[in-house]
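Enquirer: Questions regarding the structure given below will be posed in turn.
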There are 2 protein chains.
Amino acid sequence: MVGGVLDGKRFAVHTLLLIRKMARKISMADVARQLNVSPATVSYVLNGREGTLVSDRTRERVLEMAQQMGYRPNRAAQVLAGKRSNVIELCVNGFNPAFYGQVIHAFQNQFVANPYQLRIVNPDYTREGDWPFVGNDWPMDGLIISDAYFPESIAPSLAYPGAHIVSKLGVPIVSTGIFAITDIDYVRVDLVPAIEAALRHLAANCKRIAYVSLWPAHTEAENSDPRYPAYQRIVREFGLKEELIVTYDSRDVPLREFTRATVRKYIEENGCPDGIFCYNDERAIATLAAVRDLGLKVPEDVRLIGCDGIEENTYHNPPLSTIQYPFDEVARLAWEFLNRRIEEPEIPMQSATLQAELVLRESSG
Amino acid sequence: MVGGVLDGKRFAVHTLLLIRKMARKISMADVARQLNVSPATVSYVLNGREGTLVSDRTRERVLEMAQQMGYRPNRAAQVLAGKRSNVIELCVNGFNPAFYGQVIHAFQNQFVANPYQLRIVNPDYTREGDWPFVGNDWPMDGLIISDAYFPESIAPSLAYPGAHIVSKLGVPIVSTGIFAITDIDYVRVDLVPAIEAALRHLAANCKRIAYVSLWPAHTEAENSDPRYPAYQRIVREFGLKEELIVTYDSRDVPLREFTRATVRKYIEENGCPDGIFCYNDERAIATLAAVRDLGLKVPEDVRLIGCDGIEENTYHNPPLSTIQYPFDEVARLAWEFLNRRIEEPEIPMQSATLQAELVLRESSG
DNA sequence: TTGAAAGCGCTAACAG
DNA sequence: CTGTTAGCGCTTTCAA
């Protein structure tokens, strides 16, 4: 058991009462002073500099004392003094946990045994007078944006939102997702062909195809998303009627419960469509529950297709058809692009467009 | 469109080529120099100090220039200079995404319209020679630990692990979860009564009760968890035989797939238990799928109970019985404790123990 | 092999 | 009302 007093700070003392008083962390200077060496020496040792800058004897003493005193580096100070932060920020919209859970997981897999650390943040849409802000002003060496959404009404004057952000953040950025900004390095996912295929698949057997959407038709948000326009196109192509079941996305309402109730109500009032396409898989899962609540069967009474390709789909009964977002490939490419730009800032723009794929399972018949 | 050159740094220029060169962010000094005022003045304005420290005219000019130049504060520097970081770290084990997703979500709800920002981190079990480390050395004003797991074999010498961490981190900590450290402020969740109730419920109707576990029996990890000992107790009480189906938890294996395959194999080789208790809900969901794969029915052939109480449970068919972890209450209390300790460091220890509750749904008959 | 000192961007006390 | 200055913890160059 180690304990002691140092400049009025107590360290490594095994009683809660004493520890409460200790507001400050141990600094390099503390360690240095204890050993009668200079802070620089401690820095050399703790940074594991190569060569014989420091004698073995000193190195040993420093290491031991740092450990004993419970020294922890102050990363903020390190960065201020010019070290790399070794942090990559991943900015994801916090809503739709299942989808973003898989996005995060896919990126985390890129960061195992990787000198960089991944820091997850959410975009800040509240900063008024500013743009939908990404990054939280803590040091980072690079930023990955997943589906930054910049509708005209939020950022009317930003002709080049990506470049804009780069200029303010001063670090490389890669934009990813179906809303990828395309004036900086990006990995875009194209949903359209798969959505069209999904809807055609439904249209081949259905008389009424409904769309469980995020926003009402004719709103800007709804139309800047690729799903609704594709739905509209195919429904027209097959001479069917548009049926939108609107289910908002918000932190205040438990999404699945809300969707389940909304869909149930819609079916009770309007009868049951024999095909339903959903904005995402979470809504498809809630729709499946709603349909079951009413004693109806999937796919016999309603054919169902979702979007995203979350793992959960294959655990439902029946397993859910979906449009598969290429989580791993997006993460792999995004990190490859970002890493390369960090190493060689001057290389030309890097970009890729991946196709989402329709995966048919039992829920669509 | 704004653009210009300043000390060789270009700012807010609308072409990618130019922006690529701009590695540094705009600093307060940059803004000050441009305006021929002192950095301190800029600092006053940007920190919105009260009173008439700065003339309206100056304030206006500073604000406009900062905006134009795209100034963003350097939080690391602010903290180093003595400001609060306004960051609270939440440390969660990254595995078991569904459970931790809900933990995180519950905490995030405590931080809306809260001056503090929540930063999610994972514990670092890789730092050898050290203890299972929480916190990542970036500035923070407080730390919430969710289920820090400190088995004796990992931290043999730490008689007071909680106090130990406090002493090294120098910020208030609240420990939460079923493994809550209890020598510092904590919110503990007691699973035992609910687990026993669950197992008794199964035992009332079953001849063979299996436990889908994390580790093999007799391992230290398995026995330091409350589930297995409770299972053992009840199985003995009812004169039944122990049946463990071991399903490891690792980043390398997709958990559900692995569990599904393992359970299926177990049933094929050993016949089907008529009651299964699972370590967590994800395993219960995978078990449900495995049972279905074999043409068996829940609850007719097998009664099934999971643990955690994730939202997904109610969307499965049949809905899954579970032991409900009080996500919201844990988050609420933890934040209350932490906030109070930040404001008044000297108050006596705060603690609470919450009871998890058995929630019976169709899967258990 | 080690120490002294400057400086990173910012805040806050103090001086003018 | 505004500027000067010291210092936060650390890295790194230069000197000893």
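Within each chain, counting starts at residue 1; across the structure tokens, chains are named A, B, ... in the order shown, with ligands numbered 1 upward in that order.
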For the contact check between chain B and chain D, emit one row per residue of chain B within 9 Å, containing the shortest atom pair and the distance in Å rounded to one decimal, counting only C-alpha atoms (C1' of nucleotides), chain then rising number order, as JSON lines.

Expert:
```
{"residue": "B:Val37", "atom": "CA", "partner": "D:DT2", "partner_atom": "C1'", "distance": 8.0}
{"residue": "B:Ser38", "atom": "CA", "partner": "D:DG3", "partner_atom": "C1'", "distance": 6.2}
{"residue": "B:Pro39", "atom": "CA", "partner": "D:DG3", "partner_atom": "C1'", "distance": 8.9}
{"residue": "B:Ala40", "atom": "CA", "partner": "D:DG3", "partner_atom": "C1'", "distance": 7.8}
{"residue": "B:Thr41", "atom": "CA", "partner": "D:DT2", "partner_atom": "C1'", "distance": 7.0}
{"residue": "B:Thr52", "atom": "CA", "partner": "D:DC1", "partner_atom": "C1'", "distance": 7.8}
{"residue": "B:Leu53", "atom": "CA", "partner": "D:DC1", "partner_atom": "C1'", "distance": 6.2}
{"residue": "B:Val54", "atom": "CA", "partner": "D:DC1", "partner_atom": "C1'", "distance": 5.9}
{"residue": "B:Ser55", "atom": "CA", "partner": "D:DC1", "partner_atom": "C1'", "distance": 6.6}
{"residue": "B:Ala77", "atom": "CA", "partner": "D:DC8", "partner_atom": "C1'", "distance": 8.5}
{"residue": "B:Val79", "atom": "CA", "partner": "D:DC8", "partner_atom": "C1'", "distance": 8.0}
{"residue": "B:Leu80", "atom": "CA", "partner": "D:DC8", "partner_atom": "C1'", "distance": 4.6}
{"residue": "B:Ala81", "atom": "CA", "partner": "D:DC8", "partner_atom": "C1'", "distance": 4.7}
{"residue": "B:Gly82", "atom": "CA", "partner": "D:DC8", "partner_atom": "C1'", "distance": 6.5}
```

Enquirer: Tell me, in Å to one decimal, how far CA of Pro172 in chain A is from CA of Ile144 in chain A.

Expert: 8.7 Å

Enquirer: Show me, as a PyMOL selection string, every residue of chain C with an atom at most 12 Å from chain A, counting only C-alpha atoms (C1' of nucleotides).

Expert: chain C and resi 1-10

Enquirer: Within 9 Å of Leu90 in chain B, counting only C-alpha atoms (C1' of nucleotides), which residues show up once you throw out same-chain ones fewer than 2 positions away? Write them as number ranges by chain, please.

Expert: B: 88, 92, 104, 107, 118-122, 135, 142-146

Enquirer: Counting only C-alpha atoms (C1' of nucleotides), what is within 8 Å of range 209-217 of chain A, bar same-chain residues fewer than 5 positions away, as a list in words?

Expert: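 Skipping anything fewer than 5 positions along the chain leaves Leu202, Ala203, Glu222, Asn223, Tyr228, Tyr231, Val235, Leu240, Lys241, Glu242, Glu243, Leu244, Ile245, Val246, Thr247, Tyr248, Asp249, Pro273, Asp274, Gly275, Ile276, Phe277, Cys278, Tyr279 and Arg283 of chain A.
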
Enquirer: With DSSP run on the backbone, what are the alpha helix (DSSP H) residues within range 60-166 of chain A? I'd like them as a VMD selection string.

Expert: chain A and resid 60 to 69 75 to 80 97 to 110 161 to 166

Enquirer: Using only C-alpha atoms (C1' of nucleotides), determine which residues lie at most 12 Å from Gly101 in chain A, disregarding the query and same-chain residues fewer than 4 positions distant; provide the list as a list in words.

Expert: Val92, Asn93, Gly94, Phe95, Asn96, Pro97, His105, Ala106, Phe107, Gln108, Ile120, Ser146, Asp308, Gly309, Ile310, Glu311, Glu312 and Phe327 of chain A; Gly94, Phe95, Asn96, Pro97, Ala98, Phe99, Tyr100, Gly101, Gln102, Ile104 and His105 of chain B

Enquirer: Write the residues you've just listed into a file as a compact mmCIF listing (two decimals), in the first residue's frame, and include N, CA, C and O atoms for each of them.

Expert:
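Listing of again_2.txt after writing:
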```
# COMPACT_ATOMS: atom_id res chain seq x y z
N VAL A 92 -22.56 10.45 -35.90
CA VAL A 92 -23.78 9.76 -36.34
C VAL A 92 -25.01 10.41 -35.73
O VAL A 92 -24.98 10.88 -34.60
N ASN A 93 -26.08 10.43 -36.47
CA ASN A 93 -27.35 10.86 -35.93
C ASN A 93 -27.76 9.88 -34.85
O ASN A 93 -27.72 8.68 -35.05
N GLY A 94 -28.16 10.37 -33.72
CA GLY A 94 -28.44 9.47 -32.61
C GLY A 94 -29.71 8.66 -32.73
O GLY A 94 -29.88 7.66 -32.06
N PHE A 95 -30.63 9.09 -33.57
CA PHE A 95 -31.90 8.38 -33.68
C PHE A 95 -31.72 7.02 -34.35
O PHE A 95 -30.66 6.71 -34.84
N ASN A 96 -32.77 6.24 -34.33
CA ASN A 96 -32.72 4.93 -34.99
C ASN A 96 -31.56 4.09 -34.48
O ASN A 96 -30.64 3.76 -35.22
N PRO A 97 -31.61 3.74 -33.23
CA PRO A 97 -30.50 3.07 -32.56
C PRO A 97 -30.02 1.80 -33.26
O PRO A 97 -28.83 1.55 -33.32
N HIS A 105 -20.72 -0.14 -34.81
CA HIS A 105 -20.03 -1.42 -34.65
C HIS A 105 -19.09 -1.69 -35.82
O HIS A 105 -17.95 -2.13 -35.64
N ALA A 106 -19.57 -1.40 -37.02
CA ALA A 106 -18.73 -1.64 -38.20
C ALA A 106 -17.48 -0.76 -38.16
O ALA A 106 -16.38 -1.22 -38.48
N PHE A 107 -17.63 0.47 -37.73
CA PHE A 107 -16.46 1.34 -37.63
C PHE A 107 -15.52 0.89 -36.51
O PHE A 107 -14.30 0.91 -36.67
N GLN A 108 -16.12 0.49 -35.40
CA GLN A 108 -15.27 0.03 -34.30
C GLN A 108 -14.38 -1.12 -34.73
O GLN A 108 -13.24 -1.23 -34.32
N ILE A 120 -17.30 8.67 -30.65
CA ILE A 120 -18.63 8.82 -31.26
C ILE A 120 -19.26 10.12 -30.81
O ILE A 120 -19.33 10.40 -29.60
N SER A 146 -21.41 10.22 -40.77
CA SER A 146 -22.33 9.23 -41.30
C SER A 146 -23.68 9.91 -41.52
O SER A 146 -24.32 10.33 -40.57
N ASP A 308 -32.40 -1.17 -44.45
CA ASP A 308 -31.18 -0.98 -43.64
C ASP A 308 -30.39 -2.28 -43.55
O ASP A 308 -29.18 -2.28 -43.68
N GLY A 309 -31.11 -3.37 -43.25
CA GLY A 309 -30.40 -4.63 -43.11
C GLY A 309 -29.78 -4.83 -41.75
O GLY A 309 -28.63 -5.28 -41.64
N ILE A 310 -30.50 -4.50 -40.69
CA ILE A 310 -29.97 -4.73 -39.35
C ILE A 310 -30.04 -6.22 -39.02
O ILE A 310 -30.87 -6.96 -39.57
N GLU A 311 -29.16 -6.63 -38.12
CA GLU A 311 -29.02 -8.05 -37.80
C GLU A 311 -30.32 -8.66 -37.29
O GLU A 311 -30.64 -9.81 -37.56
N GLU A 312 -31.05 -7.86 -36.55
CA GLU A 312 -32.28 -8.34 -35.92
C GLU A 312 -33.27 -8.95 -36.92
O GLU A 312 -34.05 -9.84 -36.55
N PHE A 327 -22.75 -2.02 -44.38
CA PHE A 327 -22.07 -1.44 -43.21
C PHE A 327 -20.55 -1.60 -43.24
O PHE A 327 -19.81 -0.63 -43.08
N GLY B 94 -18.39 -2.53 -24.33
CA GLY B 94 -18.93 -2.44 -25.68
C GLY B 94 -19.73 -3.63 -26.15
O GLY B 94 -20.50 -3.54 -27.09
N PHE B 95 -19.54 -4.77 -25.51
CA PHE B 95 -20.22 -5.96 -25.98
C PHE B 95 -21.72 -5.87 -25.70
O PHE B 95 -22.18 -4.99 -24.99
N ASN B 96 -22.47 -6.81 -26.23
CA ASN B 96 -23.90 -6.85 -25.98
C ASN B 96 -24.58 -5.53 -26.34
O ASN B 96 -25.09 -4.83 -25.48
N PRO B 97 -24.55 -5.21 -27.61
CA PRO B 97 -25.01 -3.91 -28.08
C PRO B 97 -26.43 -3.55 -27.66
O PRO B 97 -26.69 -2.42 -27.30
N ALA B 98 -27.34 -4.49 -27.67
CA ALA B 98 -28.72 -4.16 -27.36
C ALA B 98 -28.84 -3.62 -25.94
O ALA B 98 -29.46 -2.59 -25.70
N PHE B 99 -28.22 -4.30 -25.00
CA PHE B 99 -28.27 -3.86 -23.62
C PHE B 99 -27.60 -2.50 -23.45
O PHE B 99 -28.18 -1.56 -22.91
N TYR B 100 -26.39 -2.37 -23.95
CA TYR B 100 -25.68 -1.12 -23.76
C TYR B 100 -26.29 0.02 -24.55
O TYR B 100 -26.21 1.18 -24.15
N GLY B 101 -26.92 -0.33 -25.67
CA GLY B 101 -27.67 0.69 -26.40
C GLY B 101 -28.72 1.32 -25.51
O GLY B 101 -28.90 2.53 -25.50
N GLN B 102 -29.40 0.49 -24.73
CA GLN B 102 -30.44 1.05 -23.86
C GLN B 102 -29.85 1.77 -22.65
O GLN B 102 -30.41 2.75 -22.18
N ILE B 104 -27.05 3.44 -22.73
CA ILE B 104 -26.62 4.73 -23.27
C ILE B 104 -27.81 5.64 -23.52
O ILE B 104 -27.80 6.83 -23.17
N HIS B 105 -28.84 5.08 -24.09
CA HIS B 105 -30.02 5.87 -24.39
C HIS B 105 -30.63 6.47 -23.12
O HIS B 105 -31.02 7.64 -23.08
```

Enquirer: Could you pull out the strand (DSSP E or B) residues of range 193-312 of chain B, going by DSSP on the backbone, and write them as a PyMOL selection string?

Expert: chain B and resi 209-213+243-246+275-278+303-305+308

Enquirer: Write the residues of the selection above to a file with C-alpha atoms, as a JSON list (two decimals), in the first residue's frame.

Expert:
```
[["chain", "number", "residue", "atom", "x", "y", "z"],
["B", 209, "ILE", "CA", -34.02, -26.38, -16.94],
["B", 210, "ALA", "CA", -30.97, -25.32, -18.93],
["B", 211, "TYR", "CA", -28.98, -22.14, -18.49],
["B", 212, "VAL", "CA", -27.51, -20.43, -21.56],
["B", 213, "SER", "CA", -24.43, -19.00, -19.89],
["B", 243, "GLU", "CA", -27.41, -28.09, -17.82],
["B", 244, "LEU", "CA", -25.13, -25.32, -19.02],
["B", 245, "ILE", "CA", -25.05, -24.19, -22.64],
["B", 246, "VAL", "CA", -21.95, -22.02, -22.86],
["B", 275, "GLY", "CA", -37.21, -24.68, -19.70],
["B", 276, "ILE", "CA", -34.33, -22.37, -20.61],
["B", 277, "PHE", "CA", -33.03, -19.39, -18.69],
["B", 278, "CYS", "CA", -30.66, -17.15, -20.62],
["B", 303, "ARG", "CA", -40.38, -22.17, -21.73],
["B", 304, "LEU", "CA", -37.95, -19.31, -22.18],
["B", 305, "ILE", "CA", -36.82, -16.44, -19.96],
["B", 308, "ASP", "CA", -32.04, -7.35, -19.22]]
```

Enquirer: Excluding same-chain residues fewer than 2 positions from Thr314 in chain A, what lies within 12 Å of it counting only C-alpha atoms (C1' of nucleotides), as a list in words?

Expert: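 What passes the distance filter is Asp281, Ile285, Gly306, Gly309, Ile310, Glu311, Glu312, His316, Asn317, Pro318, Pro319, Leu320, Ser321, Thr322, Val359, Leu360, Arg361, Glu362 and Ser363 of chain A; Arg256, Glu257, Arg260, Ile285, Ala286, Leu288, Ala289, Ala290, Asp293 and His316 of chain B.
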
Enquirer: Grab the residues selected above and save them as a CSV table (one decimal), in the first residue's frame with N, CA, C and O atoms.

Expert:
```csv
chain,number,residue,atom,x,y,z
A,281,ASP,N,-35.9,-0.8,-41.0
A,281,ASP,CA,-36.2,-2.1,-40.5
A,281,ASP,C,-36.9,-1.9,-39.1
A,281,ASP,O,-37.8,-2.8,-38.8
A,285,ILE,N,-40.3,-3.9,-38.3
A,285,ILE,CA,-40.5,-4.8,-37.2
A,285,ILE,C,-41.7,-4.3,-36.4
A,285,ILE,O,-42.5,-5.2,-36.0
A,306,GLY,N,-38.5,-4.0,-45.4
A,306,GLY,CA,-37.9,-2.9,-44.7
A,306,GLY,C,-36.6,-2.4,-45.4
A,306,GLY,O,-36.4,-2.6,-46.6
A,309,GLY,N,-31.1,-3.4,-43.2
A,309,GLY,CA,-30.4,-4.6,-43.1
A,309,GLY,C,-29.8,-4.8,-41.7
A,309,GLY,O,-28.6,-5.3,-41.6
A,310,ILE,N,-30.5,-4.5,-40.7
A,310,ILE,CA,-30.0,-4.7,-39.4
A,310,ILE,C,-30.0,-6.2,-39.0
A,310,ILE,O,-30.9,-7.0,-39.6
A,311,GLU,N,-29.2,-6.6,-38.1
A,311,GLU,CA,-29.0,-8.0,-37.8
A,311,GLU,C,-30.3,-8.7,-37.3
A,311,GLU,O,-30.6,-9.8,-37.6
A,312,GLU,N,-31.1,-7.9,-36.6
A,312,GLU,CA,-32.3,-8.3,-35.9
A,312,GLU,C,-33.3,-9.0,-36.9
A,312,GLU,O,-34.0,-9.8,-36.6
A,316,HIS,N,-36.6,-12.5,-36.5
A,316,HIS,CA,-38.0,-12.3,-36.4
A,316,HIS,C,-38.7,-13.4,-37.2
A,316,HIS,O,-38.1,-14.2,-38.0
A,317,ASN,N,-40.0,-13.6,-36.9
A,317,ASN,CA,-40.8,-14.6,-37.4
A,317,ASN,C,-42.0,-14.0,-38.1
A,317,ASN,O,-42.9,-13.6,-37.5
A,318,PRO,N,-42.1,-14.0,-39.4
A,318,PRO,CA,-41.0,-14.5,-40.4
A,318,PRO,C,-39.9,-13.5,-40.5
A,318,PRO,O,-40.0,-12.3,-40.1
A,319,PRO,N,-38.7,-14.0,-40.9
A,319,PRO,CA,-37.6,-13.2,-41.1
A,319,PRO,C,-37.9,-12.1,-42.1
A,319,PRO,O,-38.6,-12.3,-43.1
A,320,LEU,N,-37.4,-10.9,-41.9
A,320,LEU,CA,-37.8,-9.7,-42.7
A,320,LEU,C,-36.9,-9.5,-43.9
A,320,LEU,O,-35.7,-9.4,-43.8
A,321,SER,N,-37.6,-9.3,-45.0
A,321,SER,CA,-36.9,-8.8,-46.2
A,321,SER,C,-36.5,-7.4,-46.0
A,321,SER,O,-37.1,-6.6,-45.3
A,322,THR,N,-35.4,-7.0,-46.7
A,322,THR,CA,-34.8,-5.7,-46.5
A,322,THR,C,-33.9,-5.2,-47.6
A,322,THR,O,-33.6,-6.0,-48.5
A,359,VAL,N,-32.5,-7.8,-50.2
A,359,VAL,CA,-32.4,-9.2,-49.7
A,359,VAL,C,-33.8,-9.7,-49.4
A,359,VAL,O,-34.5,-9.2,-48.5
A,360,LEU,N,-34.2,-10.7,-50.1
A,360,LEU,CA,-35.6,-11.2,-49.9
A,360,LEU,C,-35.6,-12.4,-48.9
A,360,LEU,O,-34.9,-13.3,-49.0
A,361,ARG,N,-36.5,-12.2,-48.0
A,361,ARG,CA,-36.7,-13.3,-47.0
A,361,ARG,C,-38.2,-13.6,-46.9
A,361,ARG,O,-39.0,-13.1,-47.8
A,362,GLU,N,-38.6,-14.3,-46.0
A,362,GLU,CA,-40.0,-14.8,-46.0
A,362,GLU,C,-41.1,-13.7,-45.9
A,362,GLU,O,-42.2,-13.9,-46.4
A,363,SER,N,-40.7,-12.6,-45.3
A,363,SER,CA,-41.8,-11.6,-45.0
A,363,SER,C,-42.4,-11.0,-46.3
A,363,SER,O,-43.4,-10.4,-46.3
B,256,ARG,N,-25.3,-13.4,-31.7
B,256,ARG,CA,-26.5,-14.1,-31.9
B,256,ARG,C,-26.4,-15.3,-32.8
B,256,ARG,O,-26.9,-16.4,-32.5
B,257,GLU,N,-25.6,-15.2,-33.9
B,257,GLU,CA,-25.4,-16.3,-34.7
B,257,GLU,C,-24.7,-17.5,-34.0
B,257,GLU,O,-25.1,-18.6,-34.1
B,260,ARG,N,-27.2,-19.0,-31.5
B,260,ARG,CA,-28.2,-19.8,-32.2
B,260,ARG,C,-27.7,-21.1,-32.6
B,260,ARG,O,-28.3,-22.2,-32.4
B,285,ILE,N,-33.2,-14.4,-27.5
B,285,ILE,CA,-33.7,-14.2,-28.8
B,285,ILE,C,-33.1,-15.2,-29.8
B,285,ILE,O,-33.8,-15.8,-30.6
B,286,ALA,N,-31.8,-15.4,-29.6
B,286,ALA,CA,-31.1,-16.4,-30.5
B,286,ALA,C,-31.6,-17.8,-30.1
B,286,ALA,O,-31.7,-18.6,-31.0
B,288,LEU,N,-34.6,-18.6,-29.0
B,288,LEU,CA,-35.9,-18.7,-29.6
B,288,LEU,C,-35.8,-19.1,-31.1
B,288,LEU,O,-36.5,-19.9,-31.6
B,289,ALA,N,-34.8,-18.4,-31.8
B,289,ALA,CA,-34.6,-18.7,-33.2
B,289,ALA,C,-34.1,-20.2,-33.4
B,289,ALA,O,-34.6,-20.9,-34.3
B,290,ALA,N,-33.2,-20.6,-32.5
B,290,ALA,CA,-32.7,-21.9,-32.6
B,290,ALA,C,-33.8,-23.0,-32.4
B,290,ALA,O,-33.9,-24.0,-33.1
B,293,ASP,N,-35.8,-23.1,-35.4
B,293,ASP,CA,-35.1,-23.8,-36.5
B,293,ASP,C,-35.4,-25.3,-36.4
B,293,ASP,O,-35.4,-26.0,-37.4
B,316,HIS,N,-41.0,-9.7,-30.4
B,316,HIS,CA,-40.8,-11.1,-30.9
B,316,HIS,C,-42.1,-11.9,-30.7
B,316,HIS,O,-43.0,-11.5,-30.0
```

Enquirer: Given the choices A:Gly170, A:Gly162, A:Gly365, A:Pro326, which gets closest to chain B if the distance is worked out from only C-alpha atoms?

Expert: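 Answer, going by the shortest atom-to-atom distance: A:Gly170.
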
Enquirer: Go through A:Arg188, A:Arg292, A:His201, A:Arg61 and flag the residue nearest chain B, using only C-alpha atoms for the distances.

Expert: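 Under the stated criterion, the closest residue is A:Arg292.
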
Enquirer: Considering only C-alpha atoms, can you say which of B:Ala230, B:Val330, B:Leu35, B:Ile342 comes closest to chain A?

Expert: B:Ile342

Enquirer: Let me make sure I understand: among B:Ala356, B:Cys91, B:Ile184, B:Val45, which one has the smallest atom-to-atom distance to chain A if we use only C-alpha atoms?

Expert: B:Ile184
